[in-house]
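Notes follow the structure.
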Amino acid sequence: MNGADGRRPIVVGVDPDRSQRLALAWAADEADRRGLPLRLVHAQGVPTRGYRSGEVRPSWEEWNRALHGLGEQTLEEAAGFVESRRPAVEVSTLLAEGEPAWVLREEARTAALVVVGSWHLSRRREMFSSASVALPLTAHAPCPVAVVPEPEHVTQQPAYFVVGVDGSPHSAAAVDMAFEEAALRGALLRAVYVWHPPLLGVLDEDAAVRECRRVLAETVAGRTATHPEVELHHEVVRGHPVQVLTQSSEHALGLVVGTRGHGGFTDMLLGSVSQGVLHHARCPVITVPA
C-alpha cells in the first residue's frame, strides 16, 4: 500500500525480539533520508517454541490469540521506537497471517525497498528453516531488498559504499542504487569488478583485465553526471567474487549487488554471488533486481 500522497513506502519486517532492532533502525534512517513513509510489517506464521509458554494450552485457537496479541504489541513497540528515533517519518503498521517471506514479498509489490534482519544462518538452516526470510524474499521481490546483519560502519573515514559490477543488467541497476545510497550519506563509492580467471586460464591475462576495466567504465558511465557529488573509485580485482566483495565491504556503510549476474543459469532467481554475500558480508547488503 502506498502512502497517502502516492509515495511508495519502505517496508520493514519487525521481529518480536526487542534486541533485534538493527533492521528497524536502518529502515527508519533510510525512510528519513529519502523522505518516504515507513511500513512496519509483522507476519504471524506457524507458532514456534518461543511463543509457547506454560500459560497457553496447546490448542490452535489459543495459540492464534496469543500470537495476535504479541503481534499487536510488537508493532506498537516498533512504532514507538521509530517515532523516538525519527519523529518526522510517517509510520503505518500491518499485522498479517502467513509466512514472513511470503507476506513481505506481497508487500514488496508496492514498496520502494524492503528491509529485513539477518542472523548469519548457515546455508542448511537458511534453506530449511521456515523462519528464514532473506533468501526467498531476495530471490522473488520485485524491488530492492536490504538485509541488515550489522549496523553501518559509520566510524570508517572516509565513509564508503561498495557495488559489485559485472556488466549485466542486474549490476547496472545495482550501480544506480549504489549511487543513490552514497549520495544520501555523503559517502564515496567503490565500484568493484571481480575478475575470476577460468580454471584452464586465459591466453592473454592483460587483455582480459583490460576488457574488465572497459566493462566497468561503461557500466558506471553517465551516473557521475546524475550524482556529481559522489566520489567514484574504479577497481578491478582478481579473485572469487564472493570473497572479494565481502572483503571489500568489510568496513563499508553497505554493499550493493544485482540479484543475478553473468555466468549464472538463466532460470536461477538468485545468483550464487548474491547468495554468497548475503551469508558472509558483515555490513548491510542491498540486492537489486534488473
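Residue names in the C-alpha cells use chain letters A, B, ... in the order shown, residue numbers from 1 in each chain, and ligand numbers from 1 in the order shown.
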I need the alpha helix (DSSP H) residues of region 56-232 of chain A per DSSP on the backbone, written as an mmCIF file with N, CA and C atoms, in the first residue's frame.
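Result saved to states_20.cif:
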data_model
loop_
_atom_site.group_PDB
_atom_site.id
_atom_site.type_symbol
_atom_site.label_atom_id
_atom_site.label_comp_id
_atom_site.auth_asym_id
_atom_site.auth_seq_id
_atom_site.Cartn_x
_atom_site.Cartn_y
_atom_site.Cartn_z
ATOM 1 N N TRP A 60 -4.824 -24.630 18.789
ATOM 2 C CA TRP A 60 -4.546 -23.651 17.747
ATOM 3 C C TRP A 60 -5.233 -22.322 18.014
ATOM 4 N N GLU A 61 -6.477 -22.359 18.512
ATOM 5 C CA GLU A 61 -7.211 -21.121 18.746
ATOM 6 C C GLU A 61 -6.490 -20.243 19.772
ATOM 7 N N GLU A 62 -6.032 -20.865 20.839
ATOM 8 C CA GLU A 62 -5.371 -20.067 21.874
ATOM 9 C C GLU A 62 -3.996 -19.608 21.417
ATOM 10 N N TRP A 63 -3.294 -20.461 20.672
ATOM 11 C CA TRP A 63 -2.030 -20.025 20.102
ATOM 12 C C TRP A 63 -2.253 -18.823 19.186
ATOM 13 N N ASN A 64 -3.306 -18.895 18.398
ATOM 14 C CA ASN A 64 -3.571 -17.818 17.445
ATOM 15 C C ASN A 64 -3.877 -16.511 18.166
ATOM 16 N N ARG A 65 -4.662 -16.597 19.236
ATOM 17 C CA ARG A 65 -4.960 -15.399 20.015
ATOM 18 C C ARG A 65 -3.697 -14.838 20.650
ATOM 19 N N ALA A 66 -2.867 -15.746 21.175
ATOM 20 C CA ALA A 66 -1.625 -15.297 21.796
ATOM 21 C C ALA A 66 -0.712 -14.629 20.767
ATOM 22 N N LEU A 67 -0.629 -15.224 19.585
ATOM 23 C CA LEU A 67 0.193 -14.655 18.525
ATOM 24 C C LEU A 67 -0.323 -13.291 18.089
ATOM 25 N N HIS A 68 -1.643 -13.166 17.974
ATOM 26 C CA HIS A 68 -2.240 -11.904 17.557
ATOM 27 C C HIS A 68 -1.920 -10.806 18.574
ATOM 28 N N GLY A 69 -2.055 -11.142 19.857
ATOM 29 C CA GLY A 69 -1.746 -10.157 20.894
ATOM 30 C C GLY A 69 -0.279 -9.763 20.889
ATOM 31 N N LEU A 70 0.593 -10.773 20.715
ATOM 32 C CA LEU A 70 2.018 -10.487 20.654
ATOM 33 C C LEU A 70 2.356 -9.647 19.429
ATOM 34 N N GLY A 71 1.706 -9.944 18.305
ATOM 35 C CA GLY A 71 1.957 -9.177 17.085
ATOM 36 C C GLY A 71 1.572 -7.722 17.240
ATOM 37 N N GLU A 72 0.401 -7.466 17.833
ATOM 38 C CA GLU A 72 -0.020 -6.083 18.047
ATOM 39 C C GLU A 72 0.944 -5.343 18.968
ATOM 40 N N GLN A 73 1.390 -6.039 20.026
ATOM 41 C CA GLN A 73 2.344 -5.427 20.953
ATOM 42 C C GLN A 73 3.679 -5.153 20.258
ATOM 43 N N THR A 74 4.121 -6.097 19.431
ATOM 44 C CA THR A 74 5.374 -5.937 18.705
ATOM 45 C C THR A 74 5.330 -4.710 17.803
ATOM 46 N N LEU A 75 4.241 -4.553 17.064
ATOM 47 C CA LEU A 75 4.120 -3.417 16.158
ATOM 48 C C LEU A 75 4.011 -2.100 16.919
ATOM 49 N N GLU A 76 3.285 -2.117 18.026
ATOM 50 C CA GLU A 76 3.148 -0.897 18.829
ATOM 51 C C GLU A 76 4.504 -0.447 19.361
ATOM 52 N N GLU A 77 5.289 -1.390 19.865
ATOM 53 C CA GLU A 77 6.611 -1.041 20.383
ATOM 54 C C GLU A 77 7.543 -0.586 19.262
ATOM 55 N N ALA A 78 7.450 -1.237 18.109
ATOM 56 C CA ALA A 78 8.294 -0.851 16.980
ATOM 57 C C ALA A 78 7.952 0.548 16.498
ATOM 58 N N ALA A 79 6.660 0.879 16.453
ATOM 59 C CA ALA A 79 6.243 2.220 16.032
ATOM 60 C C ALA A 79 6.756 3.273 17.014
ATOM 61 N N GLY A 80 6.719 2.949 18.300
ATOM 62 C CA GLY A 80 7.252 3.866 19.297
ATOM 63 C C GLY A 80 8.750 4.066 19.146
ATOM 64 N N PHE A 81 9.453 2.988 18.813
ATOM 65 C CA PHE A 81 10.897 3.070 18.594
ATOM 66 C C PHE A 81 11.209 3.997 17.427
ATOM 67 N N VAL A 82 10.474 3.854 16.316
ATOM 68 C CA VAL A 82 10.705 4.699 15.147
ATOM 69 C C VAL A 82 10.369 6.151 15.452
ATOM 70 N N GLU A 83 9.266 6.371 16.170
ATOM 71 C CA GLU A 83 8.859 7.745 16.490
ATOM 72 C C GLU A 83 9.913 8.451 17.324
ATOM 73 N N SER A 84 10.534 7.717 18.263
ATOM 74 C CA SER A 84 11.557 8.333 19.099
ATOM 75 C C SER A 84 12.858 8.546 18.335
ATOM 76 N N ARG A 85 13.135 7.677 17.358
ATOM 77 C CA ARG A 85 14.389 7.774 16.602
ATOM 78 C C ARG A 85 14.279 8.771 15.456
ATOM 79 N N PRO A 100 6.511 -15.182 6.915
ATOM 80 C CA PRO A 100 7.073 -13.843 6.738
ATOM 81 C C PRO A 100 7.598 -13.564 5.333
ATOM 82 N N ALA A 101 8.291 -14.531 4.721
ATOM 83 C CA ALA A 101 8.848 -14.300 3.383
ATOM 84 C C ALA A 101 7.743 -14.035 2.369
ATOM 85 N N TRP A 102 6.654 -14.780 2.471
ATOM 86 C CA TRP A 102 5.541 -14.596 1.527
ATOM 87 C C TRP A 102 4.863 -13.252 1.761
ATOM 88 N N VAL A 103 4.608 -12.912 3.020
ATOM 89 C CA VAL A 103 3.945 -11.645 3.340
ATOM 90 C C VAL A 103 4.783 -10.465 2.853
ATOM 91 N N LEU A 104 6.074 -10.494 3.127
ATOM 92 C CA LEU A 104 6.933 -9.386 2.707
ATOM 93 C C LEU A 104 7.075 -9.324 1.190
ATOM 94 N N ARG A 105 7.049 -10.468 0.529
ATOM 95 C CA ARG A 105 7.108 -10.464 -0.934
ATOM 96 C C ARG A 105 5.871 -9.793 -1.520
ATOM 97 N N GLU A 106 4.701 -10.040 -0.913
ATOM 98 C CA GLU A 106 3.482 -9.368 -1.373
ATOM 99 C C GLU A 106 3.567 -7.860 -1.134
ATOM 100 N N GLU A 107 4.098 -7.479 0.016
ATOM 101 C CA GLU A 107 4.253 -6.055 0.319
ATOM 102 C C GLU A 107 5.257 -5.397 -0.625
ATOM 103 N N ARG A 123 23.980 -22.204 5.565
ATOM 104 C CA ARG A 123 23.240 -22.485 4.335
ATOM 105 C C ARG A 123 22.131 -23.500 4.601
ATOM 106 N N ARG A 124 22.410 -24.516 5.403
ATOM 107 C CA ARG A 124 21.397 -25.530 5.670
ATOM 108 C C ARG A 124 20.215 -24.922 6.423
ATOM 109 N N ARG A 125 20.486 -24.123 7.463
ATOM 110 C CA ARG A 125 19.398 -23.514 8.232
ATOM 111 C C ARG A 125 18.632 -22.517 7.384
ATOM 112 N N GLU A 126 19.347 -21.761 6.555
ATOM 113 C CA GLU A 126 18.674 -20.771 5.717
ATOM 114 C C GLU A 126 17.735 -21.441 4.733
ATOM 115 N N MET A 127 18.112 -22.613 4.232
ATOM 116 C CA MET A 127 17.306 -23.284 3.225
ATOM 117 C C MET A 127 16.130 -24.046 3.815
ATOM 118 N N PHE A 128 16.300 -24.571 5.035
ATOM 119 C CA PHE A 128 15.289 -25.482 5.554
ATOM 120 C C PHE A 128 14.486 -24.940 6.735
ATOM 121 N N ALA A 134 15.435 -13.994 4.397
ATOM 122 C CA ALA A 134 16.282 -13.212 3.496
ATOM 123 C C ALA A 134 16.408 -13.815 2.106
ATOM 124 N N LEU A 135 16.751 -15.093 2.005
ATOM 125 C CA LEU A 135 16.989 -15.668 0.677
ATOM 126 C C LEU A 135 15.722 -15.765 -0.170
ATOM 127 N N PRO A 136 14.630 -16.353 0.331
ATOM 128 C CA PRO A 136 13.438 -16.413 -0.526
ATOM 129 C C PRO A 136 12.883 -15.041 -0.874
ATOM 130 N N LEU A 137 12.975 -14.091 0.037
ATOM 131 C CA LEU A 137 12.489 -12.741 -0.257
ATOM 132 C C LEU A 137 13.354 -12.083 -1.325
ATOM 133 N N THR A 138 14.659 -12.173 -1.161
ATOM 134 C CA THR A 138 15.566 -11.568 -2.124
ATOM 135 C C THR A 138 15.408 -12.177 -3.505
ATOM 136 N N ALA A 139 15.149 -13.483 -3.551
ATOM 137 C CA ALA A 139 15.030 -14.172 -4.839
ATOM 138 C C ALA A 139 13.794 -13.741 -5.613
ATOM 139 N N HIS A 140 12.716 -13.377 -4.918
ATOM 140 C CA HIS A 140 11.435 -13.148 -5.586
ATOM 141 C C HIS A 140 10.954 -11.699 -5.560
ATOM 142 N N PRO A 169 22.612 -6.470 -16.826
ATOM 143 C CA PRO A 169 21.560 -5.502 -16.472
ATOM 144 C C PRO A 169 21.321 -5.429 -14.970
ATOM 145 N N HIS A 170 21.487 -6.557 -14.269
ATOM 146 C CA HIS A 170 21.297 -6.554 -12.819
ATOM 147 C C HIS A 170 22.343 -5.673 -12.135
ATOM 148 N N SER A 171 23.589 -5.768 -12.582
ATOM 149 C CA SER A 171 24.614 -4.945 -11.936
ATOM 150 C C SER A 171 24.461 -3.479 -12.319
ATOM 151 N N ALA A 172 23.937 -3.192 -13.513
ATOM 152 C CA ALA A 172 23.682 -1.802 -13.889
ATOM 153 C C ALA A 172 22.630 -1.181 -12.967
ATOM 154 N N ALA A 173 21.596 -1.952 -12.655
ATOM 155 C CA ALA A 173 20.580 -1.465 -11.715
ATOM 156 C C ALA A 173 21.173 -1.284 -10.331
ATOM 157 N N ALA A 174 22.088 -2.177 -9.950
ATOM 158 C CA ALA A 174 22.746 -2.064 -8.644
ATOM 159 C C ALA A 174 23.599 -0.802 -8.581
ATOM 160 N N VAL A 175 24.256 -0.458 -9.682
ATOM 161 C CA VAL A 175 25.071 0.760 -9.715
ATOM 162 C C VAL A 175 24.198 1.995 -9.495
ATOM 163 N N ASP A 176 23.029 2.039 -10.123
ATOM 164 C CA ASP A 176 22.111 3.165 -9.916
ATOM 165 C C ASP A 176 21.749 3.292 -8.437
ATOM 166 N N MET A 177 21.415 2.165 -7.821
ATOM 167 C CA MET A 177 21.036 2.168 -6.407
ATOM 168 C C MET A 177 22.217 2.596 -5.535
ATOM 169 N N ALA A 178 23.404 2.118 -5.871
ATOM 170 C CA ALA A 178 24.581 2.432 -5.063
ATOM 171 C C ALA A 178 24.903 3.923 -5.109
ATOM 172 N N PHE A 179 24.763 4.546 -6.283
ATOM 173 C CA PHE A 179 24.980 5.990 -6.376
ATOM 174 C C PHE A 179 23.990 6.747 -5.501
ATOM 175 N N GLU A 180 22.731 6.298 -5.506
ATOM 176 C CA GLU A 180 21.725 6.953 -4.667
ATOM 177 C C GLU A 180 22.085 6.839 -3.192
ATOM 178 N N GLU A 181 22.471 5.635 -2.770
ATOM 179 C CA GLU A 181 22.795 5.419 -1.362
ATOM 180 C C GLU A 181 24.008 6.242 -0.944
ATOM 181 N N ALA A 182 25.032 6.275 -1.787
ATOM 182 C CA ALA A 182 26.223 7.060 -1.458
ATOM 183 C C ALA A 182 25.895 8.550 -1.390
ATOM 184 N N ALA A 183 25.069 9.022 -2.331
ATOM 185 C CA ALA A 183 24.703 10.441 -2.351
ATOM 186 C C ALA A 183 23.912 10.818 -1.101
ATOM 187 N N LEU A 184 23.017 9.944 -0.668
ATOM 188 C CA LEU A 184 22.202 10.231 0.510
ATOM 189 C C LEU A 184 23.048 10.386 1.768
ATOM 190 N N ARG A 185 24.189 9.698 1.803
ATOM 191 C CA ARG A 185 25.028 9.704 3.003
ATOM 192 C C ARG A 185 26.268 10.571 2.874
ATOM 193 N N GLU A 205 46.164 -12.633 -20.218
ATOM 194 C CA GLU A 205 45.542 -12.143 -18.980
ATOM 195 C C GLU A 205 45.429 -10.622 -18.973
ATOM 196 N N ASP A 206 46.430 -9.939 -19.515
ATOM 197 C CA ASP A 206 46.372 -8.476 -19.547
ATOM 198 C C ASP A 206 45.181 -7.995 -20.375
ATOM 199 N N ALA A 207 44.915 -8.673 -21.491
ATOM 200 C CA ALA A 207 43.777 -8.294 -22.332
ATOM 201 C C ALA A 207 42.462 -8.539 -21.604
ATOM 202 N N ALA A 208 42.401 -9.625 -20.841
ATOM 203 C CA ALA A 208 41.186 -9.935 -20.088
ATOM 204 C C ALA A 208 40.912 -8.860 -19.037
ATOM 205 N N VAL A 209 41.964 -8.412 -18.384
ATOM 206 C CA VAL A 209 41.799 -7.368 -17.365
ATOM 207 C C VAL A 209 41.404 -6.044 -18.020
ATOM 208 N N ARG A 210 41.988 -5.744 -19.181
ATOM 209 C CA ARG A 210 41.602 -4.513 -19.888
ATOM 210 C C ARG A 210 40.130 -4.549 -20.275
ATOM 211 N N GLU A 211 39.628 -5.714 -20.669
ATOM 212 C CA GLU A 211 38.210 -5.851 -21.000
ATOM 213 C C GLU A 211 37.344 -5.623 -19.756
ATOM 214 N N CYS A 212 37.786 -6.118 -18.617
ATOM 215 C CA CYS A 212 37.047 -5.891 -17.364
ATOM 216 C C CYS A 212 36.977 -4.403 -17.057
ATOM 217 N N ARG A 213 38.088 -3.709 -17.255
ATOM 218 C CA ARG A 213 38.105 -2.262 -16.994
ATOM 219 C C ARG A 213 37.169 -1.527 -17.952
ATOM 220 N N ARG A 214 37.116 -1.985 -19.207
ATOM 221 C CA ARG A 214 36.235 -1.353 -20.187
ATOM 222 C C ARG A 214 34.781 -1.526 -19.775
ATOM 223 N N VAL A 215 34.407 -2.752 -19.388
ATOM 224 C CA VAL A 215 33.026 -3.020 -18.981
ATOM 225 C C VAL A 215 32.673 -2.214 -17.740
ATOM 226 N N LEU A 216 33.604 -2.144 -16.801
ATOM 227 C CA LEU A 216 33.358 -1.374 -15.582
ATOM 228 C C LEU A 216 33.137 0.097 -15.910
ATOM 229 N N ALA A 217 33.989 0.658 -16.763
ATOM 230 C CA ALA A 217 33.852 2.071 -17.125
ATOM 231 C C ALA A 217 32.540 2.336 -17.845
ATOM 232 N N GLU A 218 32.135 1.440 -18.740
ATOM 233 C CA GLU A 218 30.878 1.618 -19.465
ATOM 234 C C GLU A 218 29.672 1.531 -18.531
ATOM 235 N N THR A 219 29.746 0.639 -17.544
ATOM 236 C CA THR A 219 28.613 0.449 -16.643
ATOM 237 C C THR A 219 28.369 1.673 -15.778
ATOM 238 N N VAL A 220 29.441 2.312 -15.326
ATOM 239 C CA VAL A 220 29.274 3.471 -14.432
ATOM 240 C C VAL A 220 29.179 4.783 -15.204
ATOM 241 N N ARG A 223 26.520 7.957 -14.705
ATOM 242 C CA ARG A 223 25.995 8.109 -13.341
ATOM 243 C C ARG A 223 26.646 9.272 -12.618
ATOM 244 N N THR A 224 27.905 9.554 -12.924
ATOM 245 C CA THR A 224 28.571 10.668 -12.249
ATOM 246 C C THR A 224 27.940 12.006 -12.613
ATOM 247 N N ALA A 225 27.326 12.087 -13.794
ATOM 248 C CA ALA A 225 26.643 13.326 -14.179
ATOM 249 C C ALA A 225 25.375 13.513 -13.358
ATOM 250 N N THR A 226 24.708 12.397 -13.052
ATOM 251 C CA THR A 226 23.487 12.453 -12.236
ATOM 252 C C THR A 226 23.812 12.734 -10.778
#
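Reported to one decimal place, the separation of CA of Pro284 (chain A) from CA of Ala252 (chain A) is 8.6 Å.
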### Query
Between CA of Val288 (chain A) and CA of Leu188 (chain A), what is the spacing in Å?
19.4 Å
Proximity check region 82-200 of chain A to region 13-27 of chain A, 7 Å, nearest pairs one decimal Å, only C-alpha atoms, as JSON lines:
{"residue": "A:Val115", "atom": "CA", "partner": "A:Ala27", "partner_atom": "CA", "distance": 6.3}
{"residue": "A:Val116", "atom": "CA", "partner": "A:Gly13", "partner_atom": "CA", "distance": 5.4}
{"residue": "A:Gly117", "atom": "CA", "partner": "A:Ala23", "partner_atom": "CA", "distance": 5.0}
{"residue": "A:Val148", "atom": "CA", "partner": "A:Ala23", "partner_atom": "CA", "distance": 5.4}
{"residue": "A:Glu150", "atom": "CA", "partner": "A:Leu22", "partner_atom": "CA", "distance": 6.8}
{"residue": "A:Pro151", "atom": "CA", "partner": "A:Leu22", "partner_atom": "CA", "distance": 6.4}
Selected residues, C-alpha atoms, written as a compact mmCIF listing (two decimals), in the first residue's frame, please.
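Below is the file that was written, part-v6.txt:
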# COMPACT_ATOMS: atom_id res chain seq x y z
CA VAL A 115 14.32 -4.29 4.83
CA VAL A 116 14.91 -7.41 6.92
CA GLY A 117 17.39 -8.52 9.56
CA VAL A 148 20.94 -5.86 7.76
CA GLU A 150 25.17 -5.47 11.43
CA PRO A 151 24.99 -1.68 11.71
### Task
Among the residues of region 146-285 of chain A, find those DSSP assigns to strand (DSSP E) from the backbone and print them as a count of residues only.
30
### Query
Of the candidates A:Gly186, A:Gly254, A:Gly35, A:Pro289, which one gets nearest to Pro228 (chain A) if we count only C-alpha atoms?
A:Gly186
### Message
Using only C-alpha atoms, can you tell me which of A:His234, A:Arg34, A:Arg8, A:His196 comes closest to Thr110 (chain A)?
### Response
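Between A:His234, A:Arg34, A:Arg8, A:His196, the residue approaching Thr110 (chain A) most closely is A:Arg8.
Rounded to one decimal, CA of Leu38 (chain A) and CA of Cys143 (chain A) lie 15.1 Å from each other.
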### Message
as a list in words, please: the residues near Leu189 (chain A) (cut-off 6 Å, only C-alpha atoms, same-chain neighbours under 6 positions excluded).
### Response
Tyr160, Phe161, Val162 and Leu232 of chain A
Please produce an output containing N, CA and C atoms for each residue in the selection, written as a PDB file, in the first residue's frame.
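Output contents, as saved in out11.pdb:
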ATOM      1  N   TYR A 160      32.206   4.895   2.905  1.00  0.00           N
ATOM      2  CA  TYR A 160      32.053   4.470   1.518  1.00  0.00           C
ATOM      3  C   TYR A 160      31.027   3.354   1.380  1.00  0.00           C
ATOM      4  N   PHE A 161      30.465   3.262   0.178  1.00  0.00           N
ATOM      5  CA  PHE A 161      29.633   2.144  -0.254  1.00  0.00           C
ATOM      6  C   PHE A 161      30.421   1.337  -1.272  1.00  0.00           C
ATOM      7  N   VAL A 162      30.084   0.059  -1.408  1.00  0.00           N
ATOM      8  CA  VAL A 162      30.692  -0.809  -2.411  1.00  0.00           C
ATOM      9  C   VAL A 162      29.579  -1.345  -3.306  1.00  0.00           C
ATOM     10  N   LEU A 232      33.834   8.679  -7.043  1.00  0.00           N
ATOM     11  CA  LEU A 232      33.788   7.310  -7.535  1.00  0.00           C
ATOM     12  C   LEU A 232      35.193   6.736  -7.693  1.00  0.00           C
TER      13      LEU A 232
END
